[in-house]
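Data file: model.txt. Format and content: compact mmCIF, C-alpha atoms and all ligand atoms.
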# COMPACT_ATOMS: atom_id res chain seq x y z
CA MET A 1 -9.04 37.60 3.34
CA ALA A 2 -6.41 36.04 1.06
CA GLN A 3 -3.26 38.10 0.60
CA GLU A 4 -3.02 39.40 -2.95
CA ASN A 5 0.64 38.69 -3.52
CA PRO A 6 1.94 36.38 -0.79
CA PRO A 7 5.73 36.11 -0.56
CA VAL A 8 7.36 33.08 -2.19
CA LEU A 9 9.05 30.87 0.38
CA SER A 10 12.32 29.07 -0.20
CA GLY A 11 13.53 25.97 1.70
CA PRO A 12 15.52 22.97 0.52
CA ALA A 13 15.91 22.34 -3.22
CA LEU A 14 14.12 19.02 -2.67
CA TRP A 15 10.38 19.46 -3.34
CA SER A 16 8.60 17.48 -0.61
CA ALA A 17 5.98 14.94 -1.65
CA GLN A 18 2.33 15.39 -0.66
CA ALA A 19 3.09 18.55 1.30
CA HIS A 20 1.27 21.87 1.68
CA LEU A 21 4.61 23.62 1.51
CA PRO A 22 3.87 26.77 3.56
CA SER A 23 2.66 24.46 6.36
CA VAL A 24 5.83 22.35 6.52
CA LEU A 25 8.72 24.59 5.49
CA GLY A 26 10.94 25.44 8.43
CA ARG A 27 9.72 22.51 10.55
CA GLN A 28 10.63 19.48 8.45
CA LEU A 29 12.21 16.53 10.23
CA THR A 30 15.23 15.13 8.41
CA ILE A 31 16.05 11.51 9.27
CA GLU A 32 19.75 10.73 9.01
CA ARG A 33 19.91 7.21 10.39
CA ALA A 34 17.82 4.53 12.02
CA ASP A 35 18.09 1.37 14.06
CA GLY A 36 15.29 -1.20 14.28
CA SER A 37 12.14 0.74 15.19
CA TYR A 38 13.96 4.01 16.00
CA LEU A 39 14.76 7.01 13.80
CA TYR A 40 17.42 9.66 14.44
CA THR A 41 17.01 13.17 13.04
CA THR A 42 19.62 15.73 12.04
CA ASP A 43 18.45 17.92 14.95
CA GLY A 44 19.29 15.22 17.49
CA ARG A 45 15.90 13.57 18.13
CA ARG A 46 15.33 9.85 18.67
CA LEU A 47 11.83 8.87 17.52
CA PHE A 48 9.92 5.58 17.69
CA ASP A 49 8.67 4.88 14.15
CA GLY A 50 5.03 4.19 14.90
CA THR A 51 4.12 4.03 11.20
CA ALA A 52 7.11 2.06 9.83
CA GLY A 53 7.64 5.00 7.49
CA LEU A 54 4.89 4.75 4.89
CA TRP A 55 3.85 1.27 6.17
CA HIS A 56 7.00 -0.21 4.65
CA ALA A 57 9.76 -0.90 7.22
CA ASN A 58 8.26 -4.20 8.33
CA VAL A 59 11.47 -5.92 9.49
CA GLY A 60 12.75 -2.67 11.06
CA HIS A 61 15.26 -0.15 9.74
CA ALA A 62 18.94 -0.36 8.82
CA ARG A 63 19.42 -4.12 9.12
CA PRO A 64 22.91 -5.27 8.16
CA GLU A 65 21.64 -8.52 6.55
CA LEU A 66 19.78 -6.49 3.93
CA ALA A 67 22.66 -4.08 3.42
CA ASP A 68 24.90 -7.11 2.82
CA ALA A 69 22.43 -8.60 0.33
CA ALA A 70 22.48 -5.35 -1.70
CA HIS A 71 26.26 -5.03 -1.43
CA ASP A 72 26.95 -8.61 -2.50
CA GLN A 73 24.53 -8.38 -5.41
CA MET A 74 25.91 -5.07 -6.69
CA ARG A 75 29.43 -6.48 -6.71
CA ARG A 76 28.18 -9.44 -8.81
CA LEU A 77 25.61 -7.73 -11.06
CA GLU A 78 23.77 -4.50 -10.26
CA THR A 79 20.98 -5.47 -12.63
CA TYR A 80 20.15 -6.59 -16.10
CA HIS A 81 16.86 -5.88 -17.80
CA VAL A 82 14.23 -8.55 -18.42
CA PHE A 83 13.13 -7.42 -21.91
CA GLY A 84 12.76 -9.93 -24.72
CA ARG A 85 15.06 -12.94 -24.36
CA TYR A 86 17.10 -11.47 -21.46
CA LEU A 87 16.55 -12.18 -17.78
CA ASN A 88 18.60 -11.84 -14.63
CA ASP A 89 18.92 -14.69 -12.15
CA ARG A 90 17.69 -12.74 -9.10
CA ALA A 91 14.46 -11.68 -10.82
CA VAL A 92 13.89 -15.29 -11.89
CA ALA A 93 14.52 -16.53 -8.32
CA LEU A 94 12.21 -13.94 -6.80
CA GLY A 95 9.50 -14.79 -9.33
CA GLU A 96 9.68 -18.46 -8.26
CA ARG A 97 9.64 -17.53 -4.58
CA LEU A 98 6.64 -15.24 -4.92
CA ALA A 99 4.76 -17.74 -7.08
CA ALA A 100 5.29 -20.41 -4.40
CA MET A 101 3.86 -18.22 -1.64
CA SER A 102 1.13 -16.54 -3.73
CA PRO A 103 -2.51 -16.90 -2.70
CA ILE A 104 -3.30 -17.04 -6.42
CA GLU A 105 -2.47 -20.54 -7.60
CA ASP A 106 0.09 -20.99 -10.37
CA PRO A 107 0.54 -17.27 -11.03
CA LYS A 108 2.98 -15.39 -13.22
CA VAL A 109 4.79 -12.52 -11.55
CA ILE A 110 5.41 -9.09 -13.08
CA LEU A 111 8.08 -7.08 -11.24
CA ASN A 112 8.57 -3.33 -11.27
CA SER A 113 9.58 -0.44 -9.04
CA GLY A 114 6.80 0.14 -6.49
CA GLY A 115 3.13 0.24 -5.68
CA SER A 116 2.06 3.02 -8.06
CA ASP A 117 3.84 1.14 -10.83
CA ALA A 118 2.12 -2.10 -9.90
CA ILE A 119 -1.30 -0.42 -10.09
CA ASP A 120 -0.55 0.99 -13.55
CA VAL A 121 0.44 -2.49 -14.72
CA ALA A 122 -2.57 -4.24 -13.21
CA CYS A 123 -5.04 -1.76 -14.71
CA LYS A 124 -3.36 -1.88 -18.13
CA LEU A 125 -3.27 -5.67 -18.04
CA ALA A 126 -6.96 -5.84 -17.09
CA ARG A 127 -7.84 -3.69 -20.10
CA ARG A 128 -5.45 -5.64 -22.35
CA HIS A 129 -7.16 -8.85 -21.23
CA TRP A 130 -10.59 -7.72 -22.42
CA GLN A 131 -9.24 -6.21 -25.67
CA ARG A 132 -7.60 -9.53 -26.41
CA GLU A 133 -10.91 -11.29 -25.66
CA GLY A 134 -12.56 -9.04 -28.23
CA ARG A 135 -14.69 -7.27 -25.60
CA GLU A 136 -13.56 -3.85 -26.64
CA ASP A 137 -16.00 -1.84 -24.53
CA LYS A 138 -14.66 -3.24 -21.26
CA THR A 139 -12.27 -0.40 -20.40
CA MET A 140 -13.56 1.16 -17.20
CA ILE A 141 -11.76 0.64 -13.88
CA LEU A 142 -13.80 0.88 -10.67
CA SER A 143 -12.29 1.72 -7.29
CA ARG A 144 -13.69 2.38 -3.82
CA GLU A 145 -14.48 5.69 -2.15
CA PHE A 146 -11.48 6.76 -0.01
CA ALA A 147 -9.17 4.45 -1.99
CA TYR A 148 -5.44 5.13 -2.34
CA HIS A 149 -3.58 3.28 -5.08
CA GLY A 150 -0.51 5.48 -5.51
CA LEU A 151 -0.12 8.48 -7.74
CA HIS A 152 1.03 7.35 -11.16
CA ALA A 153 -1.45 7.95 -13.99
CA TYR A 154 -3.78 5.10 -13.02
CA GLY A 155 -3.46 5.61 -9.25
CA THR A 156 -4.31 9.28 -9.73
CA SER A 157 -7.24 8.42 -11.98
CA ILE A 158 -8.82 5.87 -9.63
CA ALA A 159 -8.13 7.75 -6.38
CA GLY A 160 -11.07 7.59 -4.01
CA LEU A 161 -9.70 10.55 -2.10
CA ASP A 162 -10.91 13.26 -4.47
CA PHE A 163 -8.04 15.66 -3.76
CA ASN A 164 -5.65 13.13 -5.28
CA ARG A 165 -7.69 12.74 -8.48
CA THR A 166 -8.73 16.28 -9.35
CA GLY A 167 -6.90 19.37 -10.57
CA TYR A 168 -5.59 18.04 -13.86
CA GLY A 169 -8.26 19.31 -16.20
CA THR A 170 -10.52 16.33 -16.78
CA GLU A 171 -12.52 14.35 -14.19
CA SER A 172 -9.58 11.91 -14.10
CA LEU A 173 -6.31 11.58 -16.02
CA VAL A 174 -7.47 8.30 -17.56
CA PRO A 175 -11.12 8.97 -18.35
CA GLU A 176 -12.77 5.58 -17.86
CA THR A 177 -12.93 5.33 -14.07
CA ALA A 178 -15.65 5.45 -11.39
CA ARG A 179 -15.92 5.05 -7.62
CA VAL A 180 -18.13 2.57 -5.75
CA SER A 181 -19.30 2.56 -2.15
CA THR A 182 -16.69 1.52 0.38
CA ASP A 183 -19.07 -0.37 2.65
CA ASP A 184 -22.48 -0.87 1.02
CA ILE A 185 -22.64 -3.87 -1.31
CA GLU A 186 -26.12 -3.05 -2.62
CA ALA A 187 -24.87 0.40 -3.61
CA VAL A 188 -21.91 -1.22 -5.42
CA GLU A 189 -24.37 -3.45 -7.28
CA ARG A 190 -26.45 -0.44 -8.29
CA THR A 191 -23.38 1.43 -9.59
CA VAL A 192 -22.29 -1.60 -11.64
CA ARG A 193 -25.81 -1.86 -13.12
CA GLU A 194 -25.93 1.88 -13.93
CA ILE A 195 -22.55 1.85 -15.70
CA GLY A 196 -23.24 -1.51 -17.34
CA PRO A 197 -20.85 -4.42 -16.71
CA GLU A 198 -20.14 -4.58 -20.44
CA HIS A 199 -18.11 -1.36 -19.94
CA ILE A 200 -16.19 -2.45 -16.81
CA ALA A 201 -12.77 -4.10 -17.03
CA ALA A 202 -11.85 -4.41 -13.36
CA LEU A 203 -12.52 -3.37 -9.81
CA VAL A 204 -9.54 -2.44 -7.63
CA ALA A 205 -9.77 -2.71 -3.84
CA GLU A 206 -7.46 -2.48 -0.85
CA PRO A 207 -8.56 -5.22 1.57
CA VAL A 208 -8.00 -2.82 4.47
CA GLN A 209 -8.04 0.78 3.23
CA GLY A 210 -4.87 2.41 4.50
CA THR A 211 -4.54 6.07 3.59
CA GLY A 212 -8.34 6.37 3.59
CA GLY A 213 -8.15 5.97 7.38
CA VAL A 214 -7.42 2.30 8.22
CA ILE A 215 -10.91 1.21 7.17
CA VAL A 216 -11.39 -2.46 8.06
CA PRO A 217 -13.87 -4.17 5.70
CA ALA A 218 -17.39 -4.71 7.01
CA PRO A 219 -18.20 -8.42 7.40
CA GLY A 220 -19.16 -9.81 4.00
CA TYR A 221 -18.19 -6.67 2.08
CA LEU A 222 -15.11 -8.05 0.28
CA GLU A 223 -16.87 -11.35 -0.44
CA GLY A 224 -19.71 -9.27 -1.89
CA LEU A 225 -17.31 -7.38 -4.15
CA GLN A 226 -15.87 -10.67 -5.33
CA ARG A 227 -19.32 -12.09 -6.07
CA ILE A 228 -20.33 -8.99 -8.07
CA CYS A 229 -17.09 -9.24 -10.06
CA ARG A 230 -17.63 -12.94 -10.84
CA GLU A 231 -21.27 -12.47 -11.82
CA ASN A 232 -20.45 -9.60 -14.18
CA ASP A 233 -17.15 -10.66 -15.78
CA ILE A 234 -15.24 -7.93 -13.97
CA LEU A 235 -11.65 -8.69 -12.95
CA LEU A 236 -10.92 -8.31 -9.24
CA ILE A 237 -7.61 -6.59 -8.46
CA ILE A 238 -6.71 -6.75 -4.78
CA ASP A 239 -4.18 -4.07 -3.86
CA GLU A 240 -1.91 -5.60 -1.21
CA VAL A 241 0.73 -2.85 -1.37
CA ILE A 242 0.27 -2.21 2.36
CA THR A 243 -1.17 -5.53 3.50
CA GLY A 244 1.09 -7.94 1.57
CA PHE A 245 3.88 -9.82 3.37
CA GLY A 246 2.37 -10.01 6.82
CA ARG A 247 0.88 -6.67 7.85
CA THR A 248 -2.52 -8.23 8.74
CA GLY A 249 -1.04 -11.26 10.51
CA HIS A 250 -1.40 -13.38 7.35
CA MET A 251 1.16 -13.41 4.56
CA PHE A 252 -1.52 -11.78 2.37
CA ALA A 253 -4.80 -10.15 3.45
CA THR A 254 -6.33 -12.08 0.54
CA GLU A 255 -5.92 -15.13 2.80
CA ARG A 256 -7.26 -13.38 5.89
CA TYR A 257 -10.46 -12.52 4.03
CA GLY A 258 -10.71 -15.71 1.94
CA LEU A 259 -10.54 -14.02 -1.48
CA THR A 260 -9.58 -15.40 -4.91
CA PRO A 261 -8.60 -12.33 -6.95
CA ASP A 262 -7.51 -12.30 -10.59
CA LEU A 263 -4.60 -9.93 -9.91
CA ILE A 264 -2.77 -8.92 -6.73
CA THR A 265 -0.55 -5.85 -6.53
CA PHE A 266 2.26 -5.69 -3.97
CA ALA A 267 5.25 -3.48 -3.08
CA LYS A 268 6.50 -2.04 0.25
CA GLY A 269 6.73 -5.21 2.43
CA VAL A 270 8.34 -7.32 -0.31
CA THR A 271 11.65 -5.58 0.46
CA SER A 272 10.56 -3.85 3.70
CA GLY A 273 11.49 -0.72 1.76
CA TYR A 274 15.21 -1.56 1.47
CA ALA A 275 14.95 -1.26 -2.31
CA PRO A 276 12.22 0.10 -4.58
CA LEU A 277 10.30 -2.94 -5.82
CA GLY A 278 6.69 -3.83 -6.51
CA GLY A 279 4.76 -6.10 -8.79
CA VAL A 280 1.67 -7.98 -9.78
CA LEU A 281 0.63 -11.62 -9.28
CA VAL A 282 -1.36 -12.73 -12.31
CA ALA A 283 -3.87 -15.64 -12.40
CA PRO A 284 -3.54 -18.35 -15.08
CA HIS A 285 -6.66 -17.39 -17.04
CA ILE A 286 -5.10 -13.94 -17.57
CA TRP A 287 -1.53 -15.02 -18.41
CA GLN A 288 -2.10 -18.22 -20.38
CA PRO A 289 -3.34 -16.59 -23.62
CA PHE A 290 -0.06 -14.62 -23.77
CA TYR A 291 1.93 -17.87 -23.45
CA ARG A 292 0.28 -19.88 -26.26
CA ASP A 293 2.72 -21.39 -28.73
CA ALA A 294 1.52 -19.65 -31.91
CA ASP A 295 2.76 -16.90 -34.22
CA ASP A 296 -0.30 -14.77 -33.57
CA THR A 297 -0.07 -14.98 -29.78
CA PRO A 298 -0.56 -11.45 -28.43
CA MET A 299 1.95 -9.50 -26.32
CA PHE A 300 1.55 -7.38 -23.24
CA ARG A 301 3.79 -4.46 -24.16
CA HIS A 302 4.77 -3.30 -20.74
CA GLY A 303 8.14 -3.04 -19.01
CA ALA A 304 10.77 -0.61 -17.76
CA THR A 305 14.53 -0.56 -17.33
CA TYR A 306 14.13 -1.46 -13.66
CA SER A 307 11.49 -4.20 -14.05
CA GLY A 308 12.99 -7.07 -12.05
CA HIS A 309 15.96 -4.99 -10.84
CA ALA A 310 18.49 -7.59 -9.69
CA THR A 311 19.67 -5.76 -6.56
CA ALA A 312 16.09 -5.03 -5.47
CA CYS A 313 15.23 -8.71 -6.04
CA ALA A 314 18.26 -9.91 -4.02
CA VAL A 315 17.15 -7.66 -1.17
CA ALA A 316 13.57 -8.96 -1.43
CA LEU A 317 14.76 -12.58 -1.25
CA ARG A 318 16.75 -11.86 1.92
CA ASN A 319 13.84 -9.88 3.40
CA LEU A 320 11.48 -12.84 2.83
CA ASP A 321 14.05 -15.09 4.56
CA ILE A 322 13.99 -12.77 7.58
CA LEU A 323 10.18 -12.85 7.71
CA ASP A 324 10.40 -16.68 7.87
CA GLU A 325 13.43 -17.00 10.17
CA GLU A 326 12.02 -14.59 12.75
CA LYS A 327 8.40 -15.79 12.33
CA LEU A 328 7.35 -12.20 11.94
CA VAL A 329 3.93 -12.86 10.41
CA ALA A 330 2.91 -14.87 13.49
CA ARG A 331 4.40 -12.07 15.57
CA VAL A 332 2.03 -9.61 13.87
CA ALA A 333 -0.92 -11.83 14.79
CA ASP A 334 0.23 -11.67 18.46
CA LEU A 335 0.75 -7.91 18.30
CA GLU A 336 -2.76 -7.49 16.87
CA GLN A 337 -4.13 -8.76 20.18
CA VAL A 338 -2.00 -6.31 22.16
CA LEU A 339 -2.98 -3.42 19.90
CA ALA A 340 -6.67 -4.38 19.94
CA ASP A 341 -6.67 -4.53 23.77
CA GLU A 342 -4.94 -1.15 24.06
CA LEU A 343 -7.19 0.52 21.51
CA ARG A 344 -10.33 -0.90 23.16
CA VAL A 345 -9.41 1.07 26.29
CA LEU A 346 -8.39 4.17 24.33
CA GLY A 347 -11.71 3.96 22.47
CA THR A 348 -13.66 4.56 25.69
CA ARG A 349 -12.33 8.14 25.91
CA GLU A 350 -14.72 10.89 24.93
CA SER A 351 -12.16 12.34 22.49
CA VAL A 352 -12.12 9.09 20.48
CA VAL A 353 -14.93 8.34 18.01
CA GLU A 354 -13.75 4.88 17.04
CA THR A 355 -10.66 2.67 16.90
CA ARG A 356 -9.97 0.15 14.14
CA VAL A 357 -7.48 -2.73 14.00
CA ALA A 358 -6.46 -5.42 11.50
CA GLY A 359 -3.11 -7.02 12.25
CA LEU A 360 -0.54 -4.32 12.87
CA LEU A 361 -2.70 -1.69 11.18
CA GLY A 362 -4.45 0.56 13.64
CA GLY A 363 -6.51 3.73 13.33
CA VAL A 364 -7.74 6.07 16.06
CA ALA A 365 -10.54 8.36 14.81
CA LEU A 366 -10.84 11.52 16.90
CA VAL A 367 -13.75 13.87 17.55
CA ASP A 368 -13.87 16.91 15.26
CA ASP A 369 -12.61 19.44 17.77
CA ILE A 370 -9.31 17.59 18.31
CA ASN A 371 -7.25 17.77 15.15
CA ALA A 372 -5.41 14.53 14.28
CA GLU A 373 -2.63 16.48 12.59
CA ALA A 374 -2.02 18.52 15.75
CA VAL A 375 -2.03 15.31 17.80
CA THR A 376 0.59 13.71 15.55
CA ASP A 377 2.74 16.88 15.81
CA GLU A 378 2.55 16.74 19.60
CA LEU A 379 3.41 13.03 19.57
CA VAL A 380 6.71 13.89 17.88
CA GLU A 381 7.54 15.99 20.96
CA HIS A 382 6.87 12.83 23.03
CA GLY A 383 9.24 10.86 20.78
CA PHE A 384 6.71 9.05 18.55
CA VAL A 385 6.07 9.20 14.80
CA THR A 386 2.41 8.67 13.85
CA ARG A 387 0.50 10.11 10.88
CA PRO A 388 -2.81 11.88 10.34
CA LEU A 389 -5.10 10.15 7.83
CA ARG A 390 -8.47 10.98 6.30
CA GLY A 391 -11.34 10.98 8.77
CA ASN A 392 -9.35 12.77 11.51
CA THR A 393 -7.64 9.45 12.17
CA VAL A 394 -4.22 8.74 13.69
CA GLN A 395 -2.30 5.90 11.99
CA ILE A 396 -0.54 3.20 14.01
CA SER A 397 1.51 0.70 11.98
CA PRO A 398 4.92 0.08 13.56
CA PRO A 399 7.53 -2.44 12.35
CA PHE A 400 6.80 -6.12 13.07
CA ILE A 401 9.82 -6.29 15.43
CA THR A 402 8.10 -3.90 17.86
CA THR A 403 7.87 -5.22 21.41
CA ASP A 404 4.60 -5.42 23.36
CA ASP A 405 5.89 -2.68 25.67
CA GLU A 406 6.80 -0.36 22.81
CA LEU A 407 3.33 -0.78 21.34
CA ARG A 408 1.72 -0.08 24.72
CA GLY A 409 4.05 2.93 25.11
CA LEU A 410 2.88 4.33 21.78
CA VAL A 411 -0.80 4.04 22.73
CA ALA A 412 -0.03 5.51 26.19
CA ALA A 413 1.61 8.50 24.48
CA ILE A 414 -1.51 9.03 22.34
CA ALA A 415 -3.61 8.87 25.52
CA ALA A 416 -1.35 11.44 27.21
CA VAL A 417 -1.65 13.84 24.29
CA LEU A 418 -5.44 13.39 24.19
CA THR A 419 -5.69 14.03 27.94
CA ALA A 420 -4.12 17.46 27.40
CA HIS A 421 -6.87 18.24 24.86
CA GLU A 422 -9.87 16.85 26.75
N1 LIG B 1 -1.48 1.07 -3.17
C1 LIG B 1 -1.66 1.26 -1.85
C2 LIG B 1 -2.77 0.54 -1.15
C3 LIG B 1 -0.81 2.12 -1.13
O1 LIG B 1 -1.01 2.35 0.16
C4 LIG B 1 0.25 2.74 -1.84
C5 LIG B 1 1.19 3.62 -1.12
O2 LIG B 1 1.01 3.95 0.03
C6 LIG B 1 0.38 2.52 -3.20
C7 LIG B 1 -0.49 1.67 -3.84
C8 LIG B 1 1.47 3.19 -3.98
O3 LIG B 1 2.69 2.64 -3.66
P1 LIG B 1 4.06 3.45 -3.93
O4 LIG B 1 4.03 4.61 -2.99
O5 LIG B 1 5.12 2.42 -3.65
O6 LIG B 1 4.06 3.85 -5.35
Give the structure from the file, written as structure tokens.
Ligand code: PLP
Amino acid sequence: MAQENPPVLSGPALWSAQAHLPSVLGRQLTIERADGSYLYTTDGRRLFDGTAGLWHANVGHARPELADAAHDQMRRLETYHVFGRYLNDRAVALGERLAAMSPIEDPKVILNSGGSDAIDVACKLARRHWQREGREDKTMILSREFAYHGLHAYGTSIAGLDFNRTGYGTESLVPETARVSTDDIEAVERTVREIGPEHIAALVAEPVQGTGGVIVPAPGYLEGLQRICRENDILLIIDEVITGFGRTGHMFATERYGLTPDLITFAKGVTSGYAPLGGVLVAPHIWQPFYRDADDTPMFRHGATYSGHATACAVALRNLDILDEEKLVARVADLEQVLADELRVLGTRESVVETRVAGLLGGVALVDDINAEAVTDELVEHGFVTRPLRGNTVQISPPFITTDDELRGLVAAIAAVLTAHE
């Protein structure tokens, strides 16, 4: 029975994100420094970062090249906004660099502070597009079951993990949203028909669903989504916040799966987390109407003080150099083979329901009576950081600089923990 008046706990002044506080207070791990793939805690532990933080530390932690890039930039110009007629040279340079590597041809690039930001911008821009076209009823944004698109207003509203969407009074913060099936294309088609495509502005999809449990798309599923979007005048927004910049062994998962989206959101890997930065790649048919040389050309009234933050952009440029110099995207493709081989063996255990791999994104789904959260806690005692995801799944997504042996060591540690439970 629930206690009537449970005591109020204390703890650090910092309110942890996404935490059931009574479950974590008193056993939080505070990281004070890092080196490559290893983290060091204030209580003296050395941990292998088997998740690259929140799938962000792709080139590894605490690299001096990136510290130098930030230091040099701050001494020259910390930032200058990009509102109206002002720009800063680092934001301009990063825009050119991203446009040159973009899987969308001839895009424009909107820069902001992270993935949740990027999703807000993409959804607003999709709605702005249809308003400008005079199709005023096209306001609804579709997302997939189990989707995670950050937790700003739009990310919260389109969350496919219900616990992230609910609890704020209405069905979603922004009312015009709906979920579609994550694997059944005919069901997606039915939902689109029921809602009516004349009401739908865009469909947002992670190519590989991350927080939902490393859900690799069924063959033909993403192509099916794209076809439905094209046939019904629905913009396709591919959320590459996790997958962008190499995580699937391609620079963008859009390339791995042969997609041609209208908008791509990115964040994390663009700086490997060394500075908060995200953004949106925008296809010509969306941006061109805003660039027409006429007095009545419309505006997209979006922006923030830190849109195109010069120091974040300088760090991103150096991070992209490192990806090239060290051929880290090809390295991910090699590591995918190692991870797939290891997980194939792990998957034969009776405690494992299924394993899933795409690039350096791995998921190990466990049987119900072995709790993934308990497994990840025990892995910390073995010196490994992993993370429990939806579907009783353990996340594996280390930095791209991980060695074959470190990756095998991580899977061996999971096997050892499972053995103790079997
Ligand atoms: N989109 C996806 C697919 C994500 O996984 C995340 C974060 O994990 C986000 C958006 C939100 O990014 P951020 O946490 O940088 O706001």
Margin query: So that I can check the surroundings of Gly212 of chain A, please list as a list in words every protein, DNA and RNA residue that reaches within 9 Å of it, counting all atoms listed in the file and ignoring chain neighbours fewer than 5 positions away.
Written below: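 Close residues of Gly212 of chain A: Glu145, Phe146, Ala147, Tyr148, Gly160, Leu161, Leu389, Arg390 and Gly391 of chain A.
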Next item on the list: Output the neighbourhood of ligand LIG 1 (chain B) as a ChimeraX atom specification, that is, all protein and nucleic acid residues with some atom at most 10 Å from the ligand, counting all atoms listed in the file.
Entry: /A:54-56,113-120,147-152,155,159,204-212,238-244,265-269,273,276-279
Within 8 Å of segment 176-186 of chain A using all atoms listed in the file, minus same-chain residues under 5 positions, as a compact mmCIF listing (two decimals) with C-alpha atoms, in the coordinates of the input:
# COMPACT_ATOMS: atom_id res chain seq x y z
CA THR A 139 -12.27 -0.40 -20.40
CA MET A 140 -13.56 1.16 -17.20
CA ILE A 141 -11.76 0.64 -13.88
CA LEU A 142 -13.80 0.88 -10.67
CA SER A 143 -12.29 1.72 -7.29
CA ARG A 144 -13.69 2.38 -3.82
CA GLU A 145 -14.48 5.69 -2.15
CA PHE A 146 -11.48 6.76 -0.01
CA SER A 157 -7.24 8.42 -11.98
CA ILE A 158 -8.82 5.87 -9.63
CA GLY A 160 -11.07 7.59 -4.01
CA THR A 191 -23.38 1.43 -9.59
CA PRO A 217 -13.87 -4.17 5.70
CA ALA A 218 -17.39 -4.71 7.01
CA TYR A 221 -18.19 -6.67 2.08
CA GLY A 224 -19.71 -9.27 -1.89
CA LEU A 225 -17.31 -7.38 -4.15
Notebook entry, point to check: atom CA of Ser172 of chain A and atom CA of Thr156 of chain A, how far apart in Å?
Noted result: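 Taking atom CA of Thr156 of chain A as the start and atom CA of Ser172 of chain A as the end point, the length is 7.3 Å.
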Item checked: Interatomic distance, atom CA of Ser37 of chain A to atom CA of Tyr274 of chain A (Å, one decimal) -> 14.2 Å
Checklist line | Nearest to Tyr40 of chain A, chosen from A:Ala62, A:Ala202, A:Ala316, A:Ala283, with only C-alpha atoms counted in the distances | finding: A:Ala62
Item checked: atom CA of Gly26 of chain A to atom CA of Asp49 of chain A, distance in Å rounded to a single decimal ->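 Answer for the atom CA of Gly26 of chain A to atom CA of Asp49 of chain A separation: 21.5 Å.
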Check: Which residue, A:Thr271, A:Gln28, A:Asn58, A:Asn5, has the smallest gap to Asp43 of chain A when you use all atoms listed in the file?
Finding: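 Residue with the minimum atom-to-atom distance to Asp43 of chain A: A:Gln28.
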Next item on the list: Quick one: residues within 7 Å of (-4.6, -10.8, -28.7) (file frame), counting only C-alpha atoms, please, as a VMD selection string.
Entry: chain A and resid 132 297 to 298
Next item on the list: May I ask which of the residues A:Leu235, A:Leu343, A:Ala70, A:Ile104 is the closest one to Glu255 of chain A, counting all atoms listed in the file?
Entry: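 The answer is A:Ile104, which sits nearest to Glu255 of chain A.
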Checklist line | Polymer residues at most 9 Å from Val82 of chain A, only C-alpha atoms, same-chain spacing of 2 or more positions, as a ChimeraX atom specification | finding: /A:80,84-88,91,303-309
Checklist line | Long-range neighbours of Leu317 of chain A as a ChimeraX atom specification, 7 Å cut-off, only C-alpha atoms, 4 positions minimum in chain | finding: /A:94,313,321
Item checked: Option closest in space to Thr254 of chain A, from A:Leu21, A:Ser102, A:Ala153, A:Arg349 [counting all atoms listed in the file] -> A:Ser102
Margin query: Residues within 9 Å of Val357 of chain A, please, as a list in words. Count only C-alpha atoms; anything in the same chain fewer than 4 positions from it doesn't count.
Written below: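 Those residues are Val214, Ile215, Val216, Glu336, Leu339, Ala340, Leu343, Leu361, Gly362 and Gly363 of chain A.
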Segment 268-277 of chain A rebuilt with N, CA and C atoms, output as a compact mmCIF listing (two decimals), in the frame of the given file:
# COMPACT_ATOMS: atom_id res chain seq x y z
N LYS A 268 5.98 -2.29 -1.09
CA LYS A 268 6.50 -2.04 0.25
C LYS A 268 7.12 -3.26 0.98
N GLY A 269 6.27 -4.12 1.57
CA GLY A 269 6.73 -5.21 2.43
C GLY A 269 7.56 -6.26 1.72
N VAL A 270 7.56 -6.29 0.40
CA VAL A 270 8.34 -7.32 -0.31
C VAL A 270 9.83 -7.12 -0.07
N THR A 271 10.24 -5.85 0.10
CA THR A 271 11.65 -5.58 0.46
C THR A 271 11.74 -4.89 1.81
N SER A 272 10.63 -4.70 2.50
CA SER A 272 10.56 -3.85 3.70
C SER A 272 11.14 -2.46 3.39
N GLY A 273 11.06 -2.07 2.13
CA GLY A 273 11.49 -0.72 1.76
C GLY A 273 12.99 -0.57 1.56
N TYR A 274 13.75 -1.67 1.63
CA TYR A 274 15.21 -1.56 1.47
C TYR A 274 15.62 -1.33 0.02
N ALA A 275 14.71 -1.58 -0.90
CA ALA A 275 14.95 -1.26 -2.31
C ALA A 275 13.59 -1.05 -2.95
N PRO A 276 13.52 -0.16 -3.94
CA PRO A 276 12.22 0.10 -4.58
C PRO A 276 11.82 -1.09 -5.46
N LEU A 277 10.75 -1.76 -5.07
CA LEU A 277 10.30 -2.94 -5.82
C LEU A 277 8.81 -3.14 -5.58
